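> I'd like to ask you about the structure that follows.
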Protein chains: 2
Amino acid sequence: MPRNILFIMYDQLRHDYLSCAGHKTLHTPHMDRLAAMGTRFTNAYVQSPVCGASRMSFYTGRYVSSHGAAWNGFPLKVGEETMGDHLRELGVDSWLIGKTHMRVDHKGMERLGISRDGLIGARVAQCGFDVWEREDGLNAEGPDGRYDPEPSPYNDYLKMQGYTGENPWHDHANAAHINGETASGWLMQHADQPANIREEDSETPWLTSRAIDFLNSPTAKQPWMAHLSFIKPHWPYIVPAPYHNMYGHNAIQPVNRDAAELENMHPVFAAFHNSPIGQAFSRDEVRDTVIPAYMGLIKQCDDQLGRLLGHLESTGRMADTMIVLTSDHGDYLGDHWLGEKDLFHAPSVKVPMIIVHPKGRKGQVVDALVESIDLAPTFIEAMGGKAPGHILEGRSLLPWLQGETPEWRDHVISEYDYSATGNRETLGVSVQDARLLMVADERYTFMHAEGGFRPMLFDRKTDPNELNDLGTRRPEIISQMYKRLNTWSRRPSQRTTRSEAEILAKGGNTGVIIGAYDEGDVSAEDMAKYRGRPT
Amino acid sequence: MPRNILFIMYDQLRHDYLSCAGHKTLHTPHMDRLAAMGTRFTNAYVQSPVCGASRMSFYTGRYVSSHGAAWNGFPLKVGEETMGDHLRELGVDSWLIGKTHMRVDHKGMERLGISRDGLIGARVAQCGFDVWEREDGLNAEGPDGRYDPEPSPYNDYLKMQGYTGENPWHDHANAAHINGETASGWLMQHADQPANIREEDSETPWLTSRAIDFLNSPTAKQPWMAHLSFIKPHWPYIVPAPYHNMYGHNAIQPVNRDAAELENMHPVFAAFHNSPIGQAFSRDEVRDTVIPAYMGLIKQCDDQLGRLLGHLESTGRMADTMIVLTSDHGDYLGDHWLGEKDLFHAPSVKVPMIIVHPKGRKGQVVDALVESIDLAPTFIEAMGGKAPGHILEGRSLLPWLQGETPEWRDHVISEYDYSATGNRETLGVSVQDARLLMVADERYTFMHAEGGFRPMLFDRKTDPNELNDLGTRRPEIISQMYKRLNTWSRRPSQRTTRSEAEILAKGGNTGVIIGAYDEGDVSAEDMAKYRGRPT
């Protein structure tokens, strides 16, 4: 049993931008080292290819439509338990170092009289974590106020280091300096410029230092789970020197797109392609400017991972800590004529997933279908608990880590709620119907769109790059996929107040006797159950 | 707008055991009077034909698989809002007088630090109601303790009246006295005996008196919603004189069953039929003994309703109070070779539903498909609020009450979780799969059973008594029913922390700019959103 769990999450890190996962020009020796020390899962899917919803699934171990926080900014409702709650029952504290993208259910807390000033309320407001450092890393500020309503300790840090302006997160960490002017990282044309900050003060080194502070603290003398959650390589795509020009255009991998994809497009696919983001990333100029910065950001992440692993090693923690490396979703980067994430092609919905268990097999590559909700039960069982199956919908990955081949699921599910995006308006669908559901098995990736649209389907065996949409052509496969989707949709996801064991125990001898006409219909045992014997 | 709402629920009252609903020998003049004063809905379905799950749907306005309290004793999870919570936001207090069959989510309350000693916790523990009197009316006591873990004010009342024994609820209200011995009402052979209690002290008059106490109290000087919730005509089937022998065998309506039903039975139907309850109610002796008592219990309910209506009238409350009369489910009473409730034939899943709105049409009969979850939004809108559609899944019935014909649903859903019953073991299905789902439209009633069983189907147009199961014979109808079931199953029932209006507002100008390459991609408006202008 490991003593601790270090749960590292990057944000928007593609599954294939690690050298151990086959990237040809981006060398990530420290991520690769973790893969060599443990198990790398090649088919890890997120429950939703968008930050907030995906993370709430990681933390709760439940599908998006089970926890309900379907998109960024949709609060996680009070009452949803997270890995922090479950691990606490095992005597393990869960610490947050970085980003969750959780929005607080203020209405729910107020209704139930729960205040953030108390320990329970503080945890409810932070996905069940205790906060070592919370920094969502999106310190944008508009006329209506800040994108992230929570304080930014990183901005406080930058100000203490002497960085100027009201929002040095933007002006320094996420902007360049050109001809004496601030050149915002919000404009991707500046992605090839160095960020206007000392490298050691940029976000990834800063958060890594905070993690090392945690590891050195008295707090970490108890067994712990620490969620070290980086904002990078998420946009704004800008990175300090020397990472900003570490990769030239020739280091960019060929784009995965085909002109044929633009013919007879699925309406939802078309809407996302035709959005400003899709249009931008369909331009080579954008890809050529952004991708080297994205790679530089990952390289910086990898270097900082090396620093962290060195610290773990020198302090003896490598031997007793389970280490997990993953991401909340990927990034299209122009593949399939799309930018960002949101849909279910591999660059968006698949993530890196490496788990090092101190007693696990080393250097394994496992192709089993993994879901992000599997981590919560994995952590609980790694710490000696039993994952409550009436609450958690994922499955422990521990057997895989030990080299076993357990009986396993044959498909995975992902969801995307685009009700709060401009694409809903473009498509003219209702808030209720602006939802997408994916079913993927070993061979096919299928997408159902509410609102009366046809499905999408890719046969990854004959079309590994997912360029040929068979959504109008393979009724038998589509029918099978709908069958799986429907069975899944009927799951009893809210029956969370009664465990299977409690249900099997059936509530005991409660004295209620139903359906007995006379004493002949009642066993002697049952007869003893009630007061007032009949004659 | 009514000043008050009186929400009367009987327990296990069949939809067709009112004279206004066509019962030929049971005269219910006071229920009929309500029907004449308002709207009687002839197709009102409960969300689950079992007490606890059904009631939690009435109170939350949400389907059973949305609130998760799927069977008796499954706690309603902390965080589920009820009509009490919604009405309180409108300044209307909701009072409980009688039964809810709610089990407290003690684990959830403890986890969130919510104590029943406080007002918030007291309401959380009582489905959002304030308690005038809570009495679930099932004071059975077995070796493992009481069926109902809450105190019984009715037993306290009986003791104060001088009734003897530790459990006068059983020994007097629900038992006869034969040859000097207590003859338990748990044995249905005693159903033809008078209960060993003065009529005015029996459960229905007692609770009616408590309701009148409420109406006379200073509390009722404010606008109120009162949930007056009777245990009767629920078993134990026993009633005091003179009701115990008011109906003879010739007053019993013909049983609705056919020998052909026992051929090629659906396995789930067969399991319920073969259970002790189904076997008992398949015996004429049981029907002949039980049904007169059941009718007597209803007659007593009707007489007490008359007493209550008289009080409302004499105090002027009839003019400003919306009155609702319904039940949580029905009772097979031997129809279809079954007893109790649980499956989806009309005697089980349909309930009486009469609504008197002071300003509504009088004497209307409406055949529209109504669900029990419609009451919560009806109450909210009757009190001038707007039902929050992201939480409540039912629809306000107000337009019908005014004589309008709104665009309306074309099918209804009901669910039944039998995981905690012996039928699960009989059928050899898992706890996960021990679930049934009904879809009914104007013509067909369809049942899906998880676990690989075929469906059941009745064509009520050609077979109004539901005697001919077409589950193997009408693939086109079954396919249509599955389509409805699947669409419903995919509803976003947990997206309760963001209203449609909030989603449409999209969170405002937050300063995040995605997909912009250069200033040409950004509107002047957006440019103003972020600090640090590019050159």
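Identifiers in this document derive from the order of the structure tokens: chains are assigned A, B, ..., residues are numbered from 1 separately in each chain, and ligands are numbered from 1 in order of occurrence.
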Got a sec to pull out which chain B residues are within 6 Å of chain A, counting only C-alpha atoms, and send them as a ChimeraX atom specification?

/B:68,75,79,140-142,144,146-147,171,181-184,186-189,277,420,486,489-490,494-495,497,503,506,509-513,515-518,529-530,532,534-535

> Can you tell me, as a PDB file with N, CA and C atoms, in the first residue's frame, what residues are no more than 9 Å from Arg287 in chain A when counting only C-alpha atoms, ignoring any on the same chain fewer than 5 positions away?


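Written file, around.pdb:
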ATOM      1  N   ILE A 252       6.974  20.770 -35.889  1.00  0.00           N
ATOM      2  CA  ILE A 252       5.520  20.587 -35.790  1.00  0.00           C
ATOM      3  C   ILE A 252       5.124  19.303 -36.510  1.00  0.00           C
ATOM      4  N   VAL A 255      -0.348  18.064 -39.652  1.00  0.00           N
ATOM      5  CA  VAL A 255      -1.726  18.228 -39.192  1.00  0.00           C
ATOM      6  C   VAL A 255      -2.558  17.022 -39.637  1.00  0.00           C
ATOM      7  N   ALA A 280      -9.823  29.835 -36.868  1.00  0.00           N
ATOM      8  CA  ALA A 280      -8.441  30.246 -36.577  1.00  0.00           C
ATOM      9  C   ALA A 280      -7.494  29.058 -36.720  1.00  0.00           C
ATOM     10  N   PHE A 281      -7.863  27.928 -36.119  1.00  0.00           N
ATOM     11  CA  PHE A 281      -6.948  26.782 -36.128  1.00  0.00           C
ATOM     12  C   PHE A 281      -6.933  26.042 -37.458  1.00  0.00           C
ATOM     13  N   SER A 282      -7.814  26.439 -38.354  1.00  0.00           N
ATOM     14  CA  SER A 282      -7.739  25.895 -39.709  1.00  0.00           C
ATOM     15  C   SER A 282      -6.702  26.643 -40.543  1.00  0.00           C
ATOM     16  N   PRO A 292       4.505  25.570 -31.663  1.00  0.00           N
ATOM     17  CA  PRO A 292       5.812  25.617 -30.981  1.00  0.00           C
ATOM     18  C   PRO A 292       5.705  26.144 -29.549  1.00  0.00           C
ATOM     19  N   LEU A 333      -5.662  21.667 -31.837  1.00  0.00           N
ATOM     20  CA  LEU A 333      -4.509  22.308 -32.496  1.00  0.00           C
ATOM     21  C   LEU A 333      -4.626  22.261 -34.023  1.00  0.00           C
ATOM     22  N   GLY A 334      -5.821  22.352 -34.550  1.00  0.00           N
ATOM     23  CA  GLY A 334      -5.998  22.371 -36.001  1.00  0.00           C
ATOM     24  C   GLY A 334      -6.334  21.023 -36.598  1.00  0.00           C
TER      25      GLY A 334
END

> Can you tell me which residues surround range 18-21 of chain B at a distance of at most 10 Å, considering only C-alpha atoms, apart from same-chain residues fewer than 3 positions away, and format the answer as a ChimeraX atom specification?

/B:13-15,24-36,40-42,295,298-299,302,352,365

> Those same residues, written as a CSV table (one decimal), in the first residue's frame with N, CA, C and O atoms?


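What landed in part_14.csv:
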chain,number,residue,atom,x,y,z
B,13,LEU,N,-54.8,4.6,-2.1
B,13,LEU,CA,-56.2,4.7,-2.5
B,13,LEU,C,-56.3,4.6,-4.0
B,13,LEU,O,-55.7,5.3,-4.8
B,14,ARG,N,-57.0,3.6,-4.5
B,14,ARG,CA,-57.1,3.3,-5.9
B,14,ARG,C,-57.8,4.4,-6.6
B,14,ARG,O,-58.7,5.1,-6.1
B,15,HIS,N,-57.4,4.6,-7.9
B,15,HIS,CA,-58.0,5.7,-8.7
B,15,HIS,C,-59.5,5.5,-8.9
B,15,HIS,O,-60.2,6.5,-9.1
B,24,LYS,N,-69.2,1.6,-8.2
B,24,LYS,CA,-70.7,1.5,-8.3
B,24,LYS,C,-71.3,1.3,-6.9
B,24,LYS,O,-72.5,1.5,-6.7
B,25,THR,N,-70.5,0.8,-5.9
B,25,THR,CA,-71.2,0.5,-4.6
B,25,THR,C,-70.6,1.4,-3.5
B,25,THR,O,-71.1,1.4,-2.4
B,26,LEU,N,-69.5,2.0,-3.7
B,26,LEU,CA,-68.8,2.8,-2.7
B,26,LEU,C,-69.2,4.3,-3.0
B,26,LEU,O,-68.8,4.9,-4.0
B,27,HIS,N,-69.9,4.9,-2.1
B,27,HIS,CA,-70.4,6.3,-2.3
B,27,HIS,C,-69.4,7.2,-1.5
B,27,HIS,O,-69.3,7.1,-0.3
B,28,THR,N,-68.8,8.1,-2.2
B,28,THR,CA,-67.9,9.0,-1.6
B,28,THR,C,-68.3,10.5,-1.9
B,28,THR,O,-67.7,11.2,-2.7
B,29,PRO,N,-69.4,10.9,-1.2
B,29,PRO,CA,-70.0,12.2,-1.6
B,29,PRO,C,-69.0,13.4,-1.4
B,29,PRO,O,-69.2,14.4,-2.1
B,30,HIS,N,-68.1,13.3,-0.4
B,30,HIS,CA,-67.3,14.5,-0.2
B,30,HIS,C,-66.2,14.6,-1.2
B,30,HIS,O,-65.8,15.7,-1.6
B,31,MET,N,-65.6,13.5,-1.6
B,31,MET,CA,-64.6,13.5,-2.7
B,31,MET,C,-65.3,13.9,-3.9
B,31,MET,O,-64.8,14.7,-4.7
B,32,ASP,N,-66.5,13.4,-4.1
B,32,ASP,CA,-67.3,13.8,-5.3
B,32,ASP,C,-67.6,15.3,-5.3
B,32,ASP,O,-67.5,16.0,-6.4
B,33,ARG,N,-67.8,15.8,-4.1
B,33,ARG,CA,-68.1,17.3,-4.0
B,33,ARG,C,-66.9,18.1,-4.5
B,33,ARG,O,-67.0,19.1,-5.2
B,34,LEU,N,-65.7,17.6,-4.0
B,34,LEU,CA,-64.5,18.3,-4.5
B,34,LEU,C,-64.4,18.3,-6.0
B,34,LEU,O,-64.0,19.2,-6.7
B,35,ALA,N,-64.7,17.1,-6.6
B,35,ALA,CA,-64.6,16.9,-8.0
B,35,ALA,C,-65.5,17.9,-8.7
B,35,ALA,O,-65.2,18.5,-9.7
B,36,ALA,N,-66.7,18.1,-8.1
B,36,ALA,CA,-67.7,19.0,-8.7
B,36,ALA,C,-67.3,20.5,-8.5
B,36,ALA,O,-67.7,21.3,-9.3
B,40,ARG,N,-61.2,17.1,-12.1
B,40,ARG,CA,-60.8,15.7,-11.8
B,40,ARG,C,-60.0,15.2,-13.0
B,40,ARG,O,-60.5,15.3,-14.1
B,41,PHE,N,-58.7,14.8,-12.7
B,41,PHE,CA,-57.9,14.3,-13.7
B,41,PHE,C,-58.0,12.8,-13.7
B,41,PHE,O,-57.8,12.1,-12.7
B,42,THR,N,-58.4,12.2,-14.9
B,42,THR,CA,-58.7,10.8,-14.9
B,42,THR,C,-57.4,9.9,-15.3
B,42,THR,O,-57.5,8.7,-15.2
B,295,MET,N,-62.9,-0.8,1.6
B,295,MET,CA,-64.0,0.1,1.2
B,295,MET,C,-64.4,0.9,2.5
B,295,MET,O,-64.7,2.1,2.4
B,298,ILE,N,-62.0,3.6,3.2
B,298,ILE,CA,-62.3,4.8,2.3
B,298,ILE,C,-63.5,5.6,2.7
B,298,ILE,O,-63.5,6.8,2.7
B,299,LYS,N,-64.5,4.8,3.0
B,299,LYS,CA,-65.8,5.5,3.5
B,299,LYS,C,-65.5,6.4,4.7
B,299,LYS,O,-65.9,7.5,4.8
B,302,ASP,N,-63.7,9.4,3.6
B,302,ASP,CA,-64.7,10.4,2.9
B,302,ASP,C,-65.5,11.1,4.0
B,302,ASP,O,-65.7,12.3,3.9
B,352,PRO,N,-56.2,8.8,-7.8
B,352,PRO,CA,-57.2,9.9,-7.9
B,352,PRO,C,-56.4,11.2,-8.0
B,352,PRO,O,-55.3,11.3,-7.4
B,365,VAL,N,-63.8,17.4,-16.1
B,365,VAL,CA,-63.0,16.1,-16.1
B,365,VAL,C,-62.0,16.2,-17.2
B,365,VAL,O,-62.3,16.5,-18.3

> Based on the backbone DSSP call, show me all residues of range 261-505 of chain B assigned alpha helix (DSSP H), as a ChimeraX atom specification.

/B:267-274,276-281,284-314,346-349,375-382,398-401,422-427,475-489,500-505

> Run DSSP on the backbone and give me the residues of range 271-347 of chain B it puts in strand (DSSP E), as a list in words.

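Here are the strand (DSSP E) residues of range 271-347 of chain B: Thr321, Met322, Ile323, Val324, Leu325, Thr326 and Ser327 of chain B.
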
> Using only C-alpha atoms, which residue out of B:Tyr247, B:Tyr332, B:Phe7, B:Trp337 lies closest to Asp288 in chain B?

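The closest residue to Asp288 in chain B is B:Tyr247.
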
> Find the residues around Met1 in chain B up to 8 Å (only C-alpha atoms counted), leave out those fewer than 5 positions away in its own chain, and share them as a ChimeraX atom specification.

/B:359,382-384

> I'd like the neighbourhood of range 317-321 of chain B as a ChimeraX atom specification, where a residue qualifies if any of its atoms comes within 7 Å (using only C-alpha atoms), though same-chain residues fewer than 6 positions away should be ignored.

/B:2-6,358

> By how many Å are CA of Cys301 in chain A and CA of His249 in chain A apart?

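According to the coordinates, CA of Cys301 in chain A and CA of His249 in chain A are separated by 20.5 Å.
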
> Residues within 7 Å of His234 in chain B, please, as a PDB file with C-alpha atoms, in the first residue's frame. Count only C-alpha atoms; anything in the same chain fewer than 2 positions from it doesn't count.


ATOM      1  CA  ASP B  11     -52.189   6.157   0.995  1.00  0.00           C
ATOM      2  CA  GLN B  12     -52.897   3.272  -1.354  1.00  0.00           C
ATOM      3  CA  ILE B 231     -52.012   6.501   6.193  1.00  0.00           C
ATOM      4  CA  LYS B 232     -55.361   5.020   5.186  1.00  0.00           C
ATOM      5  CA  PRO B 236     -53.319  -3.223   7.860  1.00  0.00           C
ATOM      6  CA  TYR B 237     -56.796  -3.645   6.400  1.00  0.00           C
TER       7      TYR B 237
END

> Could you jot down the CA of Thr100 in chain B to CA of His357 in chain B separation for me, Å, one decimal place?

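Going from CA of Thr100 in chain B over to CA of His357 in chain B, I get 23.9 Å.
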
> Just the number, please: distance in Å from CA of Ala53 in chain B to CA of Glu393 in chain B, one decimal.

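One can read the CA of Ala53 in chain B to CA of Glu393 in chain B distance as 15.2 Å.
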